[in-house]
>>> print(open('entry_10.txt').read())   # compact mmCIF, C-alpha atoms
# COMPACT_ATOMS: atom_id res chain seq x y z
CA MET A 1 39.84 70.88 52.98
CA THR A 2 39.47 69.83 49.33
CA ASN A 3 39.30 66.22 48.25
CA LEU A 4 42.67 66.58 46.52
CA GLN A 5 44.26 67.78 49.74
CA ILE A 6 42.77 64.80 51.58
CA PHE A 7 44.03 62.42 48.90
CA LEU A 8 47.47 64.05 49.07
CA ASP A 9 47.65 63.73 52.84
CA ILE A 10 46.66 60.05 52.84
CA ALA A 11 49.07 59.30 50.00
CA THR A 12 51.78 60.98 52.07
CA GLU A 13 50.92 58.82 55.09
CA ALA A 14 51.14 55.70 52.93
CA ALA A 15 54.40 56.72 51.24
CA LEU A 16 56.11 57.50 54.54
CA ALA A 17 54.96 54.17 55.96
CA GLY A 18 56.22 52.29 52.91
CA GLY A 19 59.52 54.15 53.07
CA ALA A 20 60.00 53.17 56.70
CA ILE A 21 59.59 49.53 55.67
CA LEU A 22 62.25 49.95 52.98
CA GLN A 23 64.68 51.46 55.45
CA SER A 24 64.09 48.62 57.91
CA TYR A 25 64.95 45.97 55.29
CA LEU A 26 67.89 47.79 53.67
CA GLY A 27 71.03 45.68 53.77
CA LYS A 28 69.26 42.77 55.45
CA LEU A 29 67.70 40.95 52.50
CA GLU A 30 70.42 38.36 51.88
CA ASP A 31 68.69 35.64 49.80
CA ALA A 32 65.24 37.32 49.71
CA ILE A 33 65.79 38.72 46.19
CA ILE A 34 64.01 37.07 43.25
CA GLU A 35 64.03 37.63 39.48
CA LYS A 36 60.46 37.97 38.25
CA GLY A 37 61.07 36.42 34.84
CA ARG A 38 63.31 38.80 32.94
CA PRO A 39 66.99 39.29 33.79
CA GLY A 40 67.38 42.26 36.10
CA ASP A 41 63.65 42.52 36.92
CA LEU A 42 63.88 41.97 40.66
CA VAL A 43 61.45 41.74 43.54
CA THR A 44 62.39 41.62 47.20
CA ALA A 45 60.70 41.00 50.51
CA ALA A 46 60.90 44.76 51.01
CA ASP A 47 58.82 45.44 47.87
CA LYS A 48 56.12 43.11 49.12
CA ALA A 49 56.08 44.37 52.70
CA SER A 50 56.02 48.01 51.58
CA GLU A 51 53.17 47.38 49.15
CA LYS A 52 51.16 45.45 51.74
CA LEU A 53 51.28 48.34 54.18
CA ILE A 54 50.52 50.95 51.51
CA LEU A 55 47.49 48.97 50.34
CA GLU A 56 46.23 48.64 53.90
CA ILE A 57 46.36 52.39 54.41
CA LEU A 58 44.71 53.29 51.11
CA ARG A 59 41.98 50.67 51.50
CA ARG A 60 41.23 51.83 55.04
CA HIS A 61 40.63 55.40 53.86
CA PHE A 62 39.30 54.77 50.35
CA PRO A 63 37.72 51.28 50.23
CA GLN A 64 35.86 52.00 46.99
CA HIS A 65 38.88 53.19 45.00
CA SER A 66 40.68 50.97 42.49
CA ILE A 67 44.39 50.25 42.75
CA LEU A 68 47.12 49.38 40.24
CA ALA A 69 50.18 48.17 42.14
CA GLU A 70 53.42 46.76 40.75
CA GLU A 71 53.35 43.54 42.75
CA SER A 72 49.59 43.00 43.19
CA GLY A 73 48.36 44.19 39.79
CA LYS A 74 44.87 45.66 39.30
CA LEU A 75 42.60 45.59 42.32
CA GLY A 76 39.01 46.77 42.53
CA ASP A 77 36.42 47.99 40.04
CA GLY A 78 37.93 48.63 36.64
CA GLU A 79 35.31 51.32 35.95
CA ASN A 80 36.05 53.33 39.10
CA GLU A 81 36.98 56.95 38.41
CA TYR A 82 39.69 56.80 41.11
CA LEU A 83 42.76 54.67 40.40
CA TRP A 84 45.84 54.65 42.63
CA ALA A 85 49.09 53.75 40.83
CA ILE A 86 51.62 52.39 43.32
CA ASP A 87 55.26 51.41 43.11
CA PRO A 88 56.26 50.30 46.62
CA LEU A 89 59.95 50.24 45.69
CA ASP A 90 61.02 52.06 42.54
CA GLY A 91 64.66 51.21 42.00
CA THR A 92 64.67 47.63 43.26
CA THR A 93 67.99 46.77 41.61
CA ASN A 94 69.59 49.79 43.27
CA TYR A 95 68.03 48.78 46.58
CA ALA A 96 69.22 45.18 46.32
CA HIS A 97 72.78 46.45 45.87
CA GLN A 98 72.37 49.08 48.63
CA TYR A 99 72.86 51.80 46.01
CA PRO A 100 71.09 54.76 47.63
CA PHE A 101 68.66 55.76 44.88
CA PHE A 102 65.20 54.29 45.34
CA ALA A 103 61.76 55.52 46.34
CA VAL A 104 58.12 54.86 47.08
CA SER A 105 55.83 56.30 44.40
CA ILE A 106 52.08 56.78 44.87
CA GLY A 107 49.95 58.57 42.28
CA LEU A 108 46.22 59.05 41.85
CA LEU A 109 44.46 59.12 38.50
CA ILE A 110 40.97 60.59 38.42
CA ASN A 111 39.14 59.63 35.23
CA GLY A 112 42.48 58.67 33.75
CA VAL A 113 44.25 61.96 34.50
CA PRO A 114 47.07 62.28 37.07
CA GLN A 115 45.84 64.49 39.91
CA VAL A 116 47.92 63.64 43.00
CA GLY A 117 51.47 62.41 43.44
CA VAL A 118 53.79 61.56 46.31
CA ILE A 119 57.35 60.29 45.92
CA TYR A 120 59.38 59.50 49.01
CA ASP A 121 63.12 58.80 49.06
CA PRO A 122 63.63 57.29 52.52
CA PHE A 123 67.42 57.08 52.29
CA HIS A 124 67.79 60.84 51.86
CA ASN A 125 64.53 61.62 53.67
CA GLU A 126 63.18 63.63 50.75
CA LEU A 127 59.42 63.86 50.36
CA PHE A 128 58.06 65.17 47.06
CA ARG A 129 54.35 66.03 46.89
CA ALA A 130 51.98 67.59 44.37
CA ALA A 131 48.32 67.87 43.46
CA VAL A 132 46.51 69.78 40.75
CA GLY A 133 46.25 73.40 41.76
CA LEU A 134 48.17 72.88 45.01
CA GLY A 135 51.70 73.21 43.63
CA ALA A 136 54.70 70.92 44.11
CA THR A 137 56.92 70.66 47.17
CA ARG A 138 60.04 68.98 48.49
CA ASN A 139 59.93 68.47 52.25
CA ARG A 140 56.98 70.90 52.37
CA GLN A 141 58.88 73.70 50.60
CA ALA A 142 57.77 74.88 47.15
CA ILE A 143 59.84 73.67 44.21
CA ALA A 144 60.08 74.69 40.58
CA VAL A 145 61.73 73.38 37.44
CA SER A 146 65.03 74.81 36.21
CA ALA A 147 65.33 77.82 33.90
CA THR A 148 67.84 76.18 31.51
CA SER A 149 66.81 77.17 27.99
CA GLN A 150 69.56 75.71 25.81
CA LEU A 151 70.04 72.01 25.15
CA ASN A 152 73.83 72.32 25.16
CA LYS A 153 73.70 73.71 28.70
CA SER A 154 71.30 71.10 30.02
CA LEU A 155 71.68 68.00 32.18
CA LEU A 156 69.31 65.17 31.25
CA VAL A 157 68.43 61.84 32.82
CA SER A 158 67.12 58.63 31.29
CA GLY A 159 67.06 54.87 31.77
CA PHE A 160 66.87 51.46 30.12
CA ALA A 161 63.98 49.01 30.29
CA TYR A 162 64.25 45.39 31.42
CA ASP A 163 63.82 44.17 27.82
CA ARG A 164 66.90 46.06 26.59
CA ARG A 165 68.71 42.78 25.92
CA GLU A 166 65.99 41.50 23.60
CA THR A 167 65.16 44.58 21.50
CA SER A 168 67.05 47.05 19.34
CA ASP A 169 64.61 49.73 20.59
CA ASN A 170 66.57 49.90 23.83
CA ASN A 171 67.34 53.64 24.24
CA TYR A 172 71.09 53.14 23.80
CA ALA A 173 71.24 55.27 20.65
CA GLU A 174 69.20 58.03 22.26
CA PHE A 175 71.49 58.00 25.31
CA CYS A 176 74.58 58.38 23.11
CA HIS A 177 72.91 61.07 21.00
CA PHE A 178 72.03 63.30 23.95
CA THR A 179 75.38 62.70 25.64
CA HIS A 180 76.94 64.49 22.66
CA LEU A 181 74.41 67.34 22.67
CA THR A 182 74.22 68.24 26.37
CA GLN A 183 76.41 68.72 29.42
CA GLY A 184 75.63 65.15 30.35
CA VAL A 185 73.06 62.37 30.64
CA ARG A 186 72.59 60.46 33.88
CA ARG A 187 71.07 57.02 34.44
CA SER A 188 69.75 56.70 37.99
CA GLY A 189 67.62 53.54 37.93
CA SER A 190 64.49 55.12 39.43
CA ALA A 191 61.96 56.72 37.08
CA SER A 192 59.97 58.32 39.88
CA LEU A 193 63.01 60.09 41.31
CA ASP A 194 64.10 61.14 37.82
CA LEU A 195 60.77 62.94 37.46
CA ALA A 196 61.03 64.40 40.97
CA TYR A 197 64.47 65.74 40.08
CA VAL A 198 63.07 67.42 36.96
CA ALA A 199 60.37 68.96 39.16
CA CYS A 200 62.86 70.43 41.65
CA GLY A 201 65.33 71.63 39.01
CA ARG A 202 68.20 69.23 39.65
CA VAL A 203 67.98 68.00 36.05
CA ASP A 204 66.45 69.76 33.07
CA GLY A 205 64.76 66.88 31.28
CA TYR A 206 63.97 63.19 31.26
CA TRP A 207 62.89 60.66 28.68
CA GLU A 208 62.46 56.90 28.85
CA ARG A 209 60.65 53.95 27.30
CA GLY A 210 59.35 50.66 28.70
CA LEU A 211 57.68 52.23 31.73
CA SER A 212 54.52 51.22 33.60
CA PRO A 213 51.88 53.62 34.98
CA TRP A 214 53.06 53.07 38.57
CA ASP A 215 56.50 54.35 37.53
CA ILE A 216 55.31 57.74 36.31
CA VAL A 217 51.85 58.83 37.51
CA ALA A 218 53.12 60.55 40.67
CA GLY A 219 56.05 62.14 38.84
CA ILE A 220 53.88 63.52 36.05
CA ILE A 221 51.85 65.72 38.37
CA LEU A 222 55.00 66.77 40.23
CA VAL A 223 56.62 68.04 37.03
CA GLN A 224 53.47 69.76 35.83
CA GLU A 225 52.77 71.51 39.13
CA ALA A 226 56.41 72.63 39.30
CA GLY A 227 56.03 74.39 35.95
CA GLY A 228 57.36 71.68 33.64
CA LYS A 229 55.92 69.92 30.62
CA VAL A 230 55.11 66.24 30.10
CA THR A 231 54.21 64.70 26.73
CA ALA A 232 54.84 61.81 24.39
CA TYR A 233 58.18 61.80 22.59
CA ASP A 234 56.70 63.76 19.67
CA GLY A 235 55.18 66.45 21.86
CA THR A 236 51.61 65.16 21.62
CA PRO A 237 49.56 64.43 24.77
CA LEU A 238 50.99 61.60 26.82
CA ASN A 239 49.39 58.16 26.74
CA ILE A 240 50.30 56.74 30.14
CA GLU A 241 49.88 53.20 28.83
CA SER A 242 52.43 53.73 26.04
CA GLY A 243 55.41 53.32 28.36
CA ARG A 244 57.17 56.31 26.81
CA ILE A 245 57.50 59.72 28.40
CA LEU A 246 59.22 63.03 27.83
CA ALA A 247 59.33 65.45 30.77
CA THR A 248 61.29 68.69 30.85
CA ASN A 249 61.45 72.14 32.41
CA SER A 250 59.38 73.20 29.34
CA TYR A 251 62.11 75.51 27.98
CA ILE A 252 64.05 72.72 26.26
CA HIS A 253 61.03 70.53 25.56
CA ASP A 254 60.74 71.19 21.83
CA SER A 255 64.49 70.71 21.34
CA VAL A 256 64.54 67.37 23.15
CA SER A 257 61.44 66.20 21.31
CA ARG A 258 62.89 67.16 17.94
CA GLU A 259 66.15 65.34 18.66
CA LEU A 260 64.37 62.21 19.91
CA LEU A 261 62.57 61.94 16.59
CA GLN A 262 65.81 62.03 14.56
CA VAL A 263 68.19 59.91 16.62
CA PRO A 264 70.42 57.87 14.30
CA PRO A 265 70.43 54.07 14.75
CA LEU A 266 72.90 52.60 17.21
CA SER A 267 74.97 51.20 14.34
CA ALA A 268 75.94 54.77 13.43
CA TRP A 269 77.86 55.05 16.71
CA LYS A 270 80.09 52.06 16.01
>>> encode(input="entry_10.txt", output="structure tokens")
Amino acid sequence: MTNLQIFLDIATEAALAGGAILQSYLGKLEDAIIEKGRPGDLVTAADKASEKLILEILRRHFPQHSILAEESGKLGDGENEYLWAIDPLDGTTNYAHQYPFFAVSIGLLINGVPQVGVIYDPFHNELFRAAVGLGATRNRQAIAVSATSQLNKSLLVSGFAYDRRETSDNNYAEFCHFTHLTQGVRRSGSASLDLAYVACGRVDGYWERGLSPWDIVAGIILVQEAGGKVTAYDGTPLNIESGRILATNSYIHDSVSRELLQVPPLSAWK
């Protein structure tokens, strides 16, 4: 068994355990929901309990690896070649409202490159897994990106960052622009599931800004192993720290990239 397969299996164990925690708390949080500083940036007891269990599992198997987790921050040796990027509850606002679109996301970077990813949607019991050279699966069955080749026949998905109230660079204009050019644009509230849906062909492309590594590392490798393409907005190699990502089925990638670079300002839509 290769190291990547071992990493994938342990990440799966951790994601399933974290997802079980989320299911156990769903609808029972009451007052255990806190804003972390910015309006709409929530944390719950479920986030913390899920992350605690995930960290315990990863540390038990890989005590020397570093970890970057949404609630705990950076843990371990900053020079370590292995870095786990963990979101114990991606879609916290959805979860707090019992809107059934949230997930656990666990990705592994090796020397800064995404190599392993697991995304688990406990509400719908959908497990997405991928590792370099091992393909991408949904519930252990192989998946692939869509074959849509025309932008006007595509369905896209995007989102809005927590700082959307404070900046004009808030993705509103882009959302309007692509709504006019495609069959539709969806806003789900979970970046990891957006990427998983690109990987399994439910949507044809995804872009967003204001993201953190734990939001996207697992999804990046899913899309790539399913035959898709992931870059910066302008088509250049993705900088995971930039917070901006473009992921598509590859066929519409150049078209989406080109349109992103010429979106008119929001004032033009008024």
>>> atom_distance(input="entry_10.txt", atom1="CA of Ala49 in chain A", atom2="CA of Ile67 in chain A")
16.4 Å
>>> closest_residue(input="entry_10.txt", among="A:Ile221, A:Gly235, A:Tyr25, A:Glu174", to="Ala130 in chain A", atoms="only C-alpha atoms")
A:Ile221
>>> residues_around(input="entry_10.txt", residues="His177 in chain A", least_positions_apart="2", cutoff="9 Å", atoms="only C-alpha atoms", output="MDAnalysis selection string")
chainID A and resid 172:175 179:181 259:260 263:264 269
>>> closest_residue(input="entry_10.txt", among="A:Asp47, A:Glu241, A:Glu56, A:Glu225", to="Ala199 in chain A", atoms="all atoms listed in the file")
A:Glu225
>>> residues_around(input="entry_10.txt", residues="range 120-122 of chain A", least_positions_apart="6", cutoff="6 Å", atoms="all atoms listed in the file", output="JSON list (two decimals) with C-alpha atoms, keeping the file's coordinate frame")
[["chain", "number", "residue", "atom", "x", "y", "z"],
["A", 19, "GLY", "CA", 59.52, 54.15, 53.07],
["A", 103, "ALA", "CA", 61.76, 55.52, 46.34],
["A", 104, "VAL", "CA", 58.12, 54.86, 47.08]]
>>> closest_residue(input="entry_10.txt", among="A:Ser257, A:Thr92, A:Ser190, A:Asn249", to="Tyr233 in chain A", atoms="all atoms listed in the file")
A:Ser257
>>> residues_around(input="entry_10.txt", residues="Asp234 in chain A", least_positions_apart="3", cutoff="9 Å", atoms="all atoms listed in the file", output="ChimeraX atom specification")
/A:231,237,246,254,257-258,260-261
>>> closest_residue(input="entry_10.txt", among="A:Ser105, A:Gln115, A:Thr248, A:Asn80", to="Leu193 in chain A", atoms="all atoms listed in the file")
A:Ser105
>>> atom_distance(input="entry_10.txt", atom1="CA of Lys52 in chain A", atom2="CA of Leu68 in chain A")
12.8 Å
>>> atom_distance(input="entry_10.txt", atom1="CA of Leu155 in chain A", atom2="CA of Tyr99 in chain A")
21.3 Å
>>> closest_residue(input="entry_10.txt", among="A:Gly135, A:Gly210, A:Gly189, A:Gly112", to="Gly91 in chain A", atoms="all atoms listed in the file")
A:Gly189
>>> closest_residue(input="entry_10.txt", among="A:Leu26, A:Leu55, A:Val230, A:Ala17", to="Lys74 in chain A", atoms="all atoms listed in the file")
A:Leu55
>>> residues_around(input="entry_10.txt", residues="Arg209 in chain A", least_positions_apart="3", cutoff="10 Å", atoms="all atoms listed in the file", output="list in words")
Ser158, Gly159, Phe160, Ala161, Asp169, Asn170, Asn171, Ser212, Tyr233, Ser242, Gly243, Arg244, Ile245 and Leu246 of chain A
>>> residues_near_point(input="entry_10.txt", point="(38.7, 59.0, 36.8)", cutoff="10 Å", atoms="all atoms listed in the file", output="ChimeraX atom specification")
/A:79-83,108-115
>>> write_last_selection(input="entry_10.txt", atoms="C-alpha atoms", output="PDB file, in the frame of the given file")
ATOM      1  CA  GLU A  79      35.310  51.320  35.950  1.00  0.00           C
ATOM      2  CA  ASN A  80      36.050  53.330  39.100  1.00  0.00           C
ATOM      3  CA  GLU A  81      36.980  56.950  38.410  1.00  0.00           C
ATOM      4  CA  TYR A  82      39.690  56.800  41.110  1.00  0.00           C
ATOM      5  CA  LEU A  83      42.760  54.670  40.400  1.00  0.00           C
ATOM      6  CA  LEU A 108      46.220  59.050  41.850  1.00  0.00           C
ATOM      7  CA  LEU A 109      44.460  59.120  38.500  1.00  0.00           C
ATOM      8  CA  ILE A 110      40.970  60.590  38.420  1.00  0.00           C
ATOM      9  CA  ASN A 111      39.140  59.630  35.230  1.00  0.00           C
ATOM     10  CA  GLY A 112      42.480  58.670  33.750  1.00  0.00           C
ATOM     11  CA  VAL A 113      44.250  61.960  34.500  1.00  0.00           C
ATOM     12  CA  PRO A 114      47.070  62.280  37.070  1.00  0.00           C
ATOM     13  CA  GLN A 115      45.840  64.490  39.910  1.00  0.00           C
TER      14      GLN A 115
END
>>> residues_near_point(input="entry_10.txt", point="(57.5, 70.2, 36.2)", cutoff="10 Å", atoms="all atoms listed in the file", output="MDAnalysis selection string")
chainID A and resid 135:136 143:146 195:201 204:205 219:230 247:250
